[in-house]
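Next up, target_17.cif (mmCIF, C-alpha atoms):
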```
data_structure
loop_
_atom_site.label_atom_id
_atom_site.label_comp_id
_atom_site.auth_asym_id
_atom_site.auth_seq_id
_atom_site.Cartn_x
_atom_site.Cartn_y
_atom_site.Cartn_z
CA MET A 1065 0.00 0.00 0.00
CA SER A 1066 1.53 3.29 -1.02
CA GLY A 1067 0.74 6.86 -1.98
CA LYS A 1068 0.64 5.72 -5.60
CA ASP A 1069 -2.08 3.15 -4.79
CA GLU A 1070 -4.03 5.82 -2.98
CA ALA A 1071 -3.89 8.29 -5.85
CA GLU A 1072 -4.77 5.63 -8.43
CA LEU A 1073 -7.66 4.18 -6.40
CA SER A 1074 -9.10 7.63 -5.66
CA ARG A 1075 -8.93 8.47 -9.35
CA LEU A 1076 -10.69 5.22 -10.30
CA MET A 1077 -13.40 5.75 -7.68
CA ARG A 1078 -14.06 9.30 -8.84
CA ALA A 1079 -14.31 8.07 -12.44
CA ALA A 1080 -16.63 5.28 -11.30
CA ILE A 1081 -18.94 7.71 -9.50
CA ALA A 1082 -19.00 9.81 -12.67
CA GLY A 1083 -20.34 6.72 -14.46
CA ASP A 1084 -17.22 4.95 -15.83
CA GLU A 1085 -17.99 1.21 -15.44
CA ARG A 1086 -14.55 0.03 -16.52
CA ALA A 1087 -12.90 2.20 -13.88
CA TYR A 1088 -15.32 0.78 -11.32
CA ALA A 1089 -14.54 -2.84 -12.28
CA ASP A 1090 -10.82 -2.09 -12.03
CA PHE A 1091 -11.35 -0.37 -8.66
CA LEU A 1092 -13.39 -3.27 -7.27
CA HIS A 1093 -10.87 -5.92 -8.33
CA ARG A 1094 -8.03 -4.02 -6.72
CA ILE A 1095 -9.76 -3.36 -3.44
CA ALA A 1096 -11.04 -6.96 -3.33
CA ALA A 1097 -7.40 -8.09 -3.36
CA LEU A 1098 -6.43 -5.56 -0.69
CA VAL A 1099 -9.38 -6.37 1.57
CA ARG A 1100 -8.67 -10.10 1.12
CA GLY A 1101 -5.10 -9.58 2.34
CA PHE A 1102 -6.43 -7.61 5.29
CA ALA A 1103 -9.15 -10.15 6.17
CA ARG A 1104 -6.80 -13.15 5.95
CA ARG A 1105 -4.33 -11.47 8.27
CA LYS A 1106 -7.04 -10.60 10.80
CA ILE A 1107 -8.96 -13.84 10.69
CA VAL A 1108 -6.69 -16.56 11.96
CA GLN A 1109 -9.19 -18.40 14.17
CA GLY A 1110 -11.73 -20.71 12.60
CA GLY A 1111 -15.41 -19.99 12.28
CA VAL A 1112 -15.15 -16.98 10.00
CA ASP A 1113 -14.29 -17.40 6.34
CA PRO A 1114 -12.22 -14.41 5.17
CA GLU A 1115 -13.75 -14.57 1.69
CA ASP A 1116 -17.24 -14.07 3.16
CA VAL A 1117 -15.95 -10.92 4.85
CA VAL A 1118 -14.39 -9.77 1.56
CA GLN A 1119 -17.75 -10.12 -0.19
CA GLU A 1120 -19.63 -8.38 2.61
CA THR A 1121 -17.11 -5.53 2.54
CA LEU A 1122 -17.39 -5.14 -1.23
CA LEU A 1123 -21.17 -4.97 -1.00
CA ALA A 1124 -20.98 -2.42 1.82
CA ILE A 1125 -18.49 -0.33 -0.17
CA HIS A 1126 -20.87 -0.46 -3.11
CA VAL A 1127 -24.09 0.49 -1.33
CA LYS A 1128 -22.32 3.09 0.84
CA ARG A 1129 -20.18 4.72 -1.83
CA HIS A 1130 -22.11 7.97 -1.37
CA THR A 1131 -20.45 8.23 2.07
CA TRP A 1132 -17.01 8.76 0.52
CA ARG A 1133 -16.00 12.40 0.24
CA GLN A 1134 -14.39 12.78 -3.17
CA ASP A 1135 -11.65 15.06 -1.87
CA ALA A 1136 -10.70 12.66 0.95
CA PRO A 1137 -8.27 9.72 0.63
CA VAL A 1138 -10.09 6.52 -0.31
CA LEU A 1139 -7.96 3.89 1.46
CA PRO A 1140 -8.78 4.94 5.04
CA TRP A 1141 -12.46 4.82 4.01
CA ILE A 1142 -12.08 1.32 2.55
CA TYR A 1143 -10.18 -0.05 5.53
CA ALA A 1144 -12.60 1.49 8.01
CA ILE A 1145 -15.42 -0.43 6.30
CA ALA A 1146 -13.35 -3.63 6.11
CA ARG A 1147 -12.43 -3.35 9.81
CA PHE A 1148 -16.08 -2.81 10.73
CA LYS A 1149 -17.08 -5.90 8.74
CA VAL A 1150 -14.36 -8.11 10.29
CA ILE A 1151 -15.35 -7.01 13.80
CA ASP A 1152 -19.01 -7.56 12.93
CA ALA A 1153 -18.28 -11.10 11.68
CA PHE A 1154 -16.65 -11.96 15.01
CA ARG A 1155 -19.30 -10.20 17.06
CA ARG A 1156 -22.02 -12.28 15.43
CA ARG A 1157 -20.19 -15.38 16.60
CA GLY A 1158 -20.01 -14.03 20.12
CA ARG A 1159 -16.35 -13.15 20.04
CA ARG A 1160 -14.54 -9.90 20.37
CA ILE A 1161 -11.60 -8.85 18.29
CA GLU A 1162 -9.41 -5.79 18.57
CA ILE A 1163 -8.00 -4.42 15.35
CA ASP A 1164 -5.16 -1.98 15.40
CA VAL A 1165 -5.57 0.82 12.86
CA ASP A 1166 -1.85 0.77 12.03
CA ASP A 1167 -2.07 -2.87 10.97
CA ILE A 1168 -3.46 -1.92 7.60
CA ALA A 1169 -0.08 -0.55 6.59
CA GLU A 1170 1.21 -4.13 6.35
CA THR A 1171 -1.59 -5.41 4.18
CA PHE A 1172 -0.76 -6.95 0.81
CA ALA A 1173 -3.06 -7.72 -2.05
CA GLU A 1174 -3.96 -11.42 -2.41
CA PRO A 1175 -5.78 -13.34 -5.17
CA GLU A 1176 -9.00 -15.24 -4.61
CA THR A 1177 -8.70 -19.00 -4.10
CA GLU A 1178 -11.39 -21.57 -4.82
CA THR A 1179 -13.14 -23.03 -1.81
CA VAL A 1180 -15.64 -25.82 -1.39
CA SER A 1181 -17.57 -24.16 1.42
CA GLU A 1182 -20.86 -22.53 0.59
CA ARG A 1183 -20.78 -18.77 0.62
CA ASP A 1184 -22.96 -16.62 2.89
CA ILE A 1185 -23.90 -14.66 -0.20
CA ASN A 1186 -25.55 -17.72 -1.81
CA ARG A 1187 -27.86 -18.04 1.16
CA ALA A 1188 -28.60 -14.32 1.00
CA LEU A 1189 -29.32 -14.69 -2.71
CA ASP A 1190 -31.81 -17.46 -1.96
CA SER A 1191 -33.75 -15.08 0.26
CA LEU A 1192 -34.46 -12.62 -2.58
CA SER A 1193 -37.69 -12.55 -4.53
CA PRO A 1194 -37.55 -14.88 -7.57
CA ALA A 1195 -37.36 -11.95 -10.03
CA GLN A 1196 -34.50 -10.24 -8.21
CA ARG A 1197 -32.68 -13.53 -7.67
CA SER A 1198 -32.76 -14.49 -11.33
CA VAL A 1199 -31.55 -11.05 -12.44
CA VAL A 1200 -28.71 -10.93 -9.90
CA SER A 1201 -27.65 -14.50 -10.83
CA ALA A 1202 -27.76 -13.74 -14.56
CA VAL A 1203 -25.56 -10.66 -14.20
CA SER A 1204 -23.11 -12.20 -11.71
CA VAL A 1205 -22.76 -15.99 -11.98
CA GLU A 1206 -23.77 -16.21 -15.63
CA GLY A 1207 -21.85 -13.04 -16.48
CA ARG A 1208 -24.52 -11.56 -18.76
CA SER A 1209 -24.72 -7.88 -19.58
CA ILE A 1210 -27.75 -5.77 -18.66
CA GLY A 1211 -28.93 -5.98 -22.29
CA GLU A 1212 -28.50 -9.77 -22.49
CA THR A 1213 -30.34 -10.20 -19.19
CA ALA A 1214 -33.19 -8.03 -20.42
CA ALA A 1215 -33.45 -10.15 -23.60
CA LYS A 1216 -33.28 -13.42 -21.65
CA PHE A 1217 -36.22 -12.55 -19.39
CA GLY A 1218 -38.10 -10.45 -21.95
CA ILE A 1219 -38.14 -7.34 -19.75
CA SER A 1220 -36.79 -3.80 -20.23
CA GLU A 1221 -33.21 -2.85 -19.37
CA THR A 1222 -34.60 -0.41 -16.82
CA ALA A 1223 -36.45 -3.24 -15.10
CA VAL A 1224 -33.21 -5.26 -15.02
CA ARG A 1225 -31.33 -2.34 -13.48
CA VAL A 1226 -34.02 -1.79 -10.87
CA SER A 1227 -34.14 -5.49 -9.88
CA LEU A 1228 -30.35 -5.68 -9.75
CA HIS A 1229 -30.07 -2.56 -7.62
CA ARG A 1230 -32.81 -3.63 -5.21
CA GLY A 1231 -31.47 -7.18 -5.04
CA LEU A 1232 -27.96 -6.02 -4.14
CA ALA A 1233 -29.33 -3.55 -1.59
CA ALA A 1234 -31.41 -6.33 -0.02
CA ILE A 1235 -28.38 -8.64 0.25
CA ALA A 1236 -26.30 -5.85 1.81
CA LYS A 1237 -29.09 -5.11 4.27
CA ARG A 1238 -29.36 -8.76 5.22
CA PHE A 1239 -25.63 -8.92 5.87
CA GLY A 1240 -25.85 -5.75 7.97
CA GLN A 1241 -28.51 -7.36 10.14
CA GLY A 1242 -26.44 -10.49 10.54
CA ARG A 1243 -29.05 -12.69 8.85
CA PHE A 1244 -27.68 -15.36 6.57
CA GLY A 1245 -30.63 -17.60 6.01
CA ARG A 1246 -29.67 -20.03 8.76
CA GLU A 1247 -32.46 -19.05 11.13
CA MET B 1446 -20.99 -17.07 -5.86
CA ARG B 1447 -17.35 -16.22 -6.43
CA THR B 1448 -16.09 -12.78 -5.55
CA ASP B 1449 -15.33 -12.05 -9.21
CA ASP B 1450 -18.97 -12.80 -10.02
CA LEU B 1451 -20.13 -10.45 -7.28
CA ILE B 1452 -17.92 -7.73 -8.75
CA LYS B 1453 -19.68 -8.18 -12.11
CA ALA B 1454 -23.02 -7.52 -10.42
CA LEU B 1455 -21.72 -4.48 -8.50
CA ASP B 1456 -20.15 -3.10 -11.65
CA ALA B 1457 -23.41 -3.48 -13.60
CA ASP B 1458 -25.08 -1.43 -10.86
CA ALA B 1459 -22.45 1.35 -11.10
CA SER B 1460 -24.88 3.84 -12.58
CA SER B 1461 -27.23 3.83 -9.57
CA LYS B 1462 -27.05 7.19 -7.84
CA ALA B 1463 -27.48 8.42 -4.29
CA ILE B 1464 -27.20 11.89 -2.74
CA PRO B 1465 -23.71 12.38 -1.27
CA LEU B 1466 -23.94 11.83 2.48
CA LEU B 1467 -22.56 15.20 3.55
CA SER B 1468 -25.08 17.06 1.36
CA ALA B 1469 -27.88 14.83 2.65
CA TRP B 1470 -26.94 15.86 6.20
CA TRP B 1471 -27.74 19.49 5.38
CA LEU B 1472 -31.15 18.44 4.11
CA ALA B 1473 -31.71 16.42 7.27
CA ALA B 1474 -30.69 19.32 9.49
CA GLY B 1475 -33.09 21.59 7.61
CA ALA B 1476 -35.93 19.09 7.89
CA GLY B 1477 -35.19 18.57 11.60
CA ALA B 1478 -35.26 22.33 12.24
CA VAL B 1479 -38.57 22.70 10.39
CA ILE B 1480 -40.19 19.87 12.36
CA ALA B 1481 -38.90 21.28 15.65
CA ALA B 1482 -40.18 24.76 14.72
CA VAL B 1483 -43.63 23.46 13.78
CA VAL B 1484 -44.03 21.41 16.97
CA PHE B 1485 -42.79 24.36 19.03
CA LEU B 1486 -45.13 26.90 17.45
CA LEU B 1487 -48.15 24.58 17.56
CA THR B 1488 -47.65 23.78 21.24
CA ILE B 1489 -46.00 26.37 23.50
CA GLY B 1490 -44.60 29.09 21.21
CA PRO B 1491 -42.26 31.91 22.31
CA ARG B 1492 -42.85 33.73 25.60
CA PRO B 1493 -44.92 36.94 25.34
CA ASP B 1494 -42.08 39.20 26.51
CA PHE B 1495 -39.63 37.69 24.03
CA MET B 1496 -38.48 41.06 22.63
CA ALA B 1497 -37.87 42.54 26.07
CA ALA B 1498 -36.08 39.41 27.27
CA ALA B 1499 -33.82 39.50 24.23
CA HIS B 1500 -32.00 42.41 25.85
CA THR B 1501 -30.89 40.42 28.87
CA MET B 1502 -27.64 38.48 29.03
CA ARG B 1503 -29.14 35.48 30.82
CA PHE B 1504 -31.83 34.97 28.21
CA LEU B 1505 -29.38 35.29 25.31
CA SER B 1506 -26.82 33.02 26.95
CA LYS B 1507 -29.28 30.11 26.71
CA PHE B 1508 -29.20 30.36 22.92
CA VAL B 1509 -25.43 30.48 22.90
CA PHE B 1510 -25.28 27.18 24.84
CA THR B 1511 -27.87 25.37 22.76
CA ILE B 1512 -26.68 26.61 19.37
CA VAL B 1513 -23.04 25.79 20.17
CA LEU B 1514 -24.17 22.29 21.21
CA ALA B 1515 -26.18 21.81 18.01
CA VAL B 1516 -23.41 23.08 15.72
CA SER B 1517 -20.67 20.98 17.36
CA ALA B 1518 -22.89 17.88 17.36
CA PHE B 1519 -23.69 18.44 13.68
CA ALA B 1520 -19.98 18.56 12.79
CA LEU B 1521 -19.29 15.42 14.83
CA ILE B 1522 -22.19 13.37 13.50
CA ARG B 1523 -21.15 14.07 9.92
CA ALA B 1524 -17.70 12.72 10.69
CA LEU B 1525 -19.06 9.74 12.67
CA SER B 1526 -21.29 8.67 9.78
CA THR B 1527 -18.37 8.64 7.33
CA PRO B 1528 -16.05 5.60 7.61
CA GLY B 1529 -12.40 6.52 8.16
CA ALA B 1530 -13.10 10.22 8.78
CA SER B 1531 -11.07 11.71 11.62
CA THR B 1532 -13.28 12.65 14.55
CA GLY B 1533 -10.74 13.99 17.06
CA ARG B 1534 -11.20 17.69 16.39
CA ALA B 1535 -15.00 17.49 16.21
CA MET B 1536 -14.98 15.42 19.41
CA ALA B 1537 -12.92 18.10 21.19
CA TRP B 1538 -15.41 20.79 20.08
CA MET B 1539 -18.16 18.87 21.87
CA ALA B 1540 -16.64 20.18 25.11
CA ALA B 1541 -17.40 23.79 24.09
CA ALA B 1542 -21.07 23.90 25.16
CA PRO B 1543 -20.51 22.21 28.58
CA VAL B 1544 -17.54 24.52 29.26
CA LEU B 1545 -19.63 27.61 28.43
CA VAL B 1546 -22.41 26.38 30.73
CA ALA B 1547 -19.89 25.71 33.51
CA VAL B 1548 -18.41 29.20 33.20
CA ALA B 1549 -21.89 30.74 33.25
CA VAL B 1550 -22.79 28.71 36.35
CA LEU B 1551 -19.69 30.00 38.16
CA LEU B 1552 -20.49 33.60 37.22
CA GLU B 1553 -24.09 33.12 38.40
CA LEU B 1554 -22.89 31.74 41.72
CA PHE B 1555 -20.75 34.86 42.20
CA MET B 1556 -23.48 37.29 41.24
CA VAL B 1557 -26.49 35.75 42.98
CA PRO B 1558 -26.71 35.55 46.79
CA GLU B 1559 -26.50 32.02 48.16
CA ALA B 1560 -30.05 32.17 49.50
CA LEU B 1561 -31.38 32.39 45.94
CA TRP B 1562 -29.36 29.54 44.44
CA GLY B 1563 -32.02 26.96 45.19
CA THR B 1564 -34.90 29.02 43.73
CA ARG B 1565 -32.93 29.80 40.58
CA MET B 1566 -32.06 26.18 40.06
CA VAL B 1567 -35.56 24.80 40.60
CA GLY B 1568 -37.07 27.61 38.53
CA SER B 1569 -40.73 27.92 37.67
CA ASN B 1570 -41.40 25.31 35.02
CA MET B 1571 -38.90 22.46 35.12
CA MET B 1572 -41.52 19.85 34.26
CA LEU B 1573 -42.37 21.80 31.13
CA CYS B 1574 -38.68 21.86 30.23
CA MET B 1575 -38.29 18.14 30.84
CA GLY B 1576 -41.39 17.42 28.78
CA PHE B 1577 -41.05 19.79 25.85
CA ILE B 1578 -37.37 19.48 24.99
CA PRO B 1579 -37.80 15.74 24.32
CA LEU B 1580 -41.15 16.34 22.61
CA ILE B 1581 -39.71 18.95 20.23
CA GLY B 1582 -36.58 16.85 19.71
CA ILE B 1583 -38.09 13.44 19.03
CA GLY B 1584 -39.00 14.16 15.38
CA PRO B 1585 -35.54 15.53 14.50
CA LEU B 1586 -33.96 12.57 16.36
CA ALA B 1587 -35.89 10.12 14.18
CA ILE B 1588 -34.63 11.92 11.06
CA PHE B 1589 -31.04 11.92 12.31
CA LEU B 1590 -31.13 8.21 13.17
CA TRP B 1591 -32.52 7.52 9.73
CA MET B 1592 -29.63 9.56 8.29
CA LEU B 1593 -27.17 7.43 10.25
CA ARG B 1594 -28.65 4.39 8.53
CA TYR B 1595 -28.15 6.17 5.23
CA GLY B 1596 -24.52 6.76 6.26
CA ALA B 1597 -22.09 4.16 7.53
CA PRO B 1598 -21.24 4.78 11.19
CA THR B 1599 -18.57 2.39 12.43
CA ARG B 1600 -19.48 3.34 16.03
CA PRO B 1601 -23.30 3.21 15.88
CA VAL B 1602 -24.00 3.63 19.61
CA LEU B 1603 -21.81 6.73 19.89
CA ALA B 1604 -23.22 8.10 16.64
CA GLY B 1605 -26.76 7.52 17.94
CA ALA B 1606 -25.96 9.38 21.17
CA VAL B 1607 -24.58 12.31 19.17
CA ALA B 1608 -27.78 12.27 17.07
CA GLY B 1609 -29.61 12.69 20.39
CA LEU B 1610 -27.36 15.61 21.37
CA LEU B 1611 -27.96 17.25 18.00
CA ALA B 1612 -31.73 16.81 18.32
CA GLY B 1613 -31.47 18.04 21.94
CA GLY B 1614 -29.48 21.15 20.99
CA LEU B 1615 -32.00 21.94 18.28
CA ALA B 1616 -35.03 21.36 20.50
CA ALA B 1617 -33.53 23.31 23.41
CA THR B 1618 -32.85 26.29 21.12
CA PHE B 1619 -36.58 26.51 20.40
CA TYR B 1620 -37.63 25.71 23.94
CA ALA B 1621 -35.33 28.45 25.29
CA ALA B 1622 -37.49 31.01 23.49
CA HIS B 1623 -40.46 29.90 25.59
CA CYS B 1624 -38.77 29.22 28.90
CA PHE B 1625 -38.96 31.89 31.64
CA ASP B 1626 -36.11 30.43 33.65
CA ASP B 1627 -33.00 32.10 32.31
CA SER B 1628 -30.56 31.31 35.10
CA PRO B 1629 -27.55 29.18 34.09
CA LEU B 1630 -28.28 27.17 37.25
CA PHE B 1631 -31.63 26.12 35.75
CA VAL B 1632 -30.14 25.47 32.30
CA ALA B 1633 -27.28 23.40 33.69
CA THR B 1634 -29.71 21.20 35.63
CA TRP B 1635 -32.88 20.75 33.57
CA TYR B 1636 -31.83 21.44 29.99
CA THR B 1637 -28.93 19.06 30.51
CA THR B 1638 -31.18 16.35 31.90
CA ALA B 1639 -33.70 16.69 29.08
CA ILE B 1640 -30.97 16.65 26.40
CA ALA B 1641 -29.30 13.67 28.09
CA ALA B 1642 -32.59 11.78 27.82
CA LEU B 1643 -32.58 12.36 24.06
CA ALA B 1644 -28.93 11.28 23.88
CA LEU B 1645 -29.78 8.06 25.72
CA LEU B 1646 -32.69 7.42 23.37
CA GLY B 1647 -30.36 8.08 20.43
CA ALA B 1648 -27.77 5.65 21.79
CA LEU B 1649 -30.45 2.96 22.10
CA GLY B 1650 -31.55 3.73 18.54
CA GLY B 1651 -27.92 3.39 17.46
CA ARG B 1652 -27.62 0.06 19.19
CA PHE B 1653 -30.77 -1.56 17.80
CA PHE B 1654 -31.71 0.38 14.68
CA ILE B 1655 -28.47 1.21 12.90
CA ARG B 1656 -27.17 -1.84 11.06
CA TRP B 1657 -25.38 -1.82 7.77
#
```

For the structure just supplied, provide its representation as structure tokens.
Amino acid sequence: MSGKDEAELSRLMRAAIAGDERAYADFLHRIAALVRGFARRKIVQGGVDPEDVVQETLLAIHVKRHTWRQDAPVLPWIYAIARFKVIDAFRRRGRRIEIDVDDIAETFAEPETETVSERDINRALDSLSPAQRSVVSAVSVEGRSIGETAAKFGISETAVRVSLHRGLAAIAKRFGQGRFGRE
Amino acid sequence: MRTDDLIKALDADASSKAIPLLSAWWLAAGAGAVIAAVVFLLTIGPRPDFMAAAHTMRFLSKFVFTIVLAVSAFALIRALSTPGASTGRAMAWMAAAPVLVAVAVLLELFMVPEALWGTRMVGSNMMLCMGFIPLIGIGPLAIFLWMLRYGAPTRPVLAGAVAGLLAGGLAATFYAAHCFDDSPLFVATWYTTAIAALALLGALGGRFFIRW
């Protein structure tokens, strides 16, 4: 993590907020790697899967991106959200964890690895309404564009965007409430 | 779902827009002030001798306390609802209103004979104060808690308490225009208690209502 990272990530995020999807994809991939490095370093005990925390953090960053001040550095904002999500993951399991703010300086980006365990996000996906679930799955797992998804279900692109947005917001909300479909 | 797949979905949703949090806070403050003003005017309203009282130091000092509290709480809550924002300076400013009240109390104790301290403190309408500050503040508090949900407070209980202080400062500013008890001894006792009740309510709201 360096000043160069900070400048580049802030630039990408500003471009993304202005509507540049490619910049946003680039931004999300980079911060996913950084947050993964952070989560794996913090989560050494069992019970919490770091990749679940990475996904929760990415969703929170997405639905809360209006809380970033465009003239402020973006990394402290990202790590504050990641730290909150790690602590929350432990709290839900009845444990406490202290995270030193300075620790983030030693974080390195790490690639995603395949796992066999089922993701929390799949259970959250199952809780969506059928329309939202099929749109979110088409755009994510099946990798279709908004236009392709609209054609597949015979609905307008606007309807796809609305279902996608509401579906993602519902998953983020569910994570925030600590509900993962196990109850 | 793999993380790369999730990123595809987030990216496809990149065009969704939301009002920047710090701008939304101004709207919330405006809405809170309007609600407080409406409740105040429909219930108790300003005291009849408002214009005459406005020439006395004690009466004016009440507004200084409550407005300083509201402004410092507003600055702090904006920082607390933004992840990674530094809160140290805004936190230090929260001491301003209590320090001003403490100084005013000391001055009052010097100026007023000891025999009158008790009467000044108890005042004439403390129950009204304890009832109306929370009543005027409850609407704004609901708006501010809702704003905290819109934001991303990493310390929700503290943020909720500060929402209560902000609502309390706002409500007390209106209430002060009605209240006949202008002594700092009264303000330090009853205004503080009423505002603390809103802060406690806010902290509870932060604990149970603010999840993200």

Selection: 7 Å around B:Ala1617, all atoms listed in the file, excl. self and same-chain fewer than 4 positions, as an NGL selection string:
:B and (1511 or 1578 or 1613 or 1621)

Selection: 9 Å around stretch 1474-1482 of chain B, all atoms listed in the file, excl. self and same-chain fewer than 4 positions, as a CSV table (one decimal) with C-alpha atoms, in the coordinates of the input:
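Printed below is selection.csv as written:
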```
chain,number,residue,atom,x,y,z
B,1469,ALA,CA,-27.9,14.8,2.6
B,1470,TRP,CA,-26.9,15.9,6.2
B,1486,LEU,CA,-45.1,26.9,17.4
B,1487,LEU,CA,-48.2,24.6,17.6
B,1490,GLY,CA,-44.6,29.1,21.2
B,1519,PHE,CA,-23.7,18.4,13.7
B,1580,LEU,CA,-41.2,16.3,22.6
B,1581,ILE,CA,-39.7,19.0,20.2
B,1582,GLY,CA,-36.6,16.8,19.7
B,1583,ILE,CA,-38.1,13.4,19.0
B,1584,GLY,CA,-39.0,14.2,15.4
B,1585,PRO,CA,-35.5,15.5,14.5
B,1586,LEU,CA,-34.0,12.6,16.4
B,1587,ALA,CA,-35.9,10.1,14.2
B,1588,ILE,CA,-34.6,11.9,11.1
B,1589,PHE,CA,-31.0,11.9,12.3
B,1612,ALA,CA,-31.7,16.8,18.3
B,1615,LEU,CA,-32.0,21.9,18.3
B,1616,ALA,CA,-35.0,21.4,20.5
B,1619,PHE,CA,-36.6,26.5,20.4
```

I would like the residues chosen by the PyMOL selection byres ((chain A) within 7 of (chain B)) on the shown file; could you give them as a ChimeraX atom specification?
/A:1083,1085,1088-1089,1092,1119,1126,1128,1130-1132,1140-1141,1144-1145,1148,1183,1185-1186,1200,1203-1205,1207,1225,1228-1229,1237,1240-1241

Need to verify the contact set: B:Phe1510, 7 Å, all atoms listed in the file, exclusion of same-chain residues closer than 5 positions in sequence. Can you return it as a PDB file with C-alpha atoms, in the frame of the given file?
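The result, stored in around_38.pdb:
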```
ATOM      1  CA  ALA B1542     -21.070  23.900  25.160  1.00  0.00           C
ATOM      2  CA  LEU B1545     -19.630  27.610  28.430  1.00  0.00           C
ATOM      3  CA  VAL B1546     -22.410  26.380  30.730  1.00  0.00           C
TER       4      VAL B1546
END
```

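Every residue that the PyMOL selection byres ((chain B and resi 1535) around 10) selects in this file is listed here: Ser1517, Ala1518, Phe1519, Ala1520, Leu1521, Ile1522, Arg1523, Ala1524, Leu1525, Ser1531, Thr1532, Gly1533, Arg1534, Met1536, Ala1537, Trp1538, Met1539 and Ala1540 of chain B.
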
Do you know which residues the PyMOL selection byres ((chain B and resi 1622-1639) around 6) returns on this file, as an MDAnalysis selection string?
chainID B and resid 1491:1492 1503:1504 1549:1550 1566 1568 1575 1619:1621 1640:1642

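Atom CA of B:Leu1646 is positioned 23.6 Å from atom CA of B:Val1544.
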
Just how far from atom CA of A:Lys1068 is atom CA of A:Pro1137, in Å to one decimal?
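Between these atoms lies a distance of 11.6 Å.
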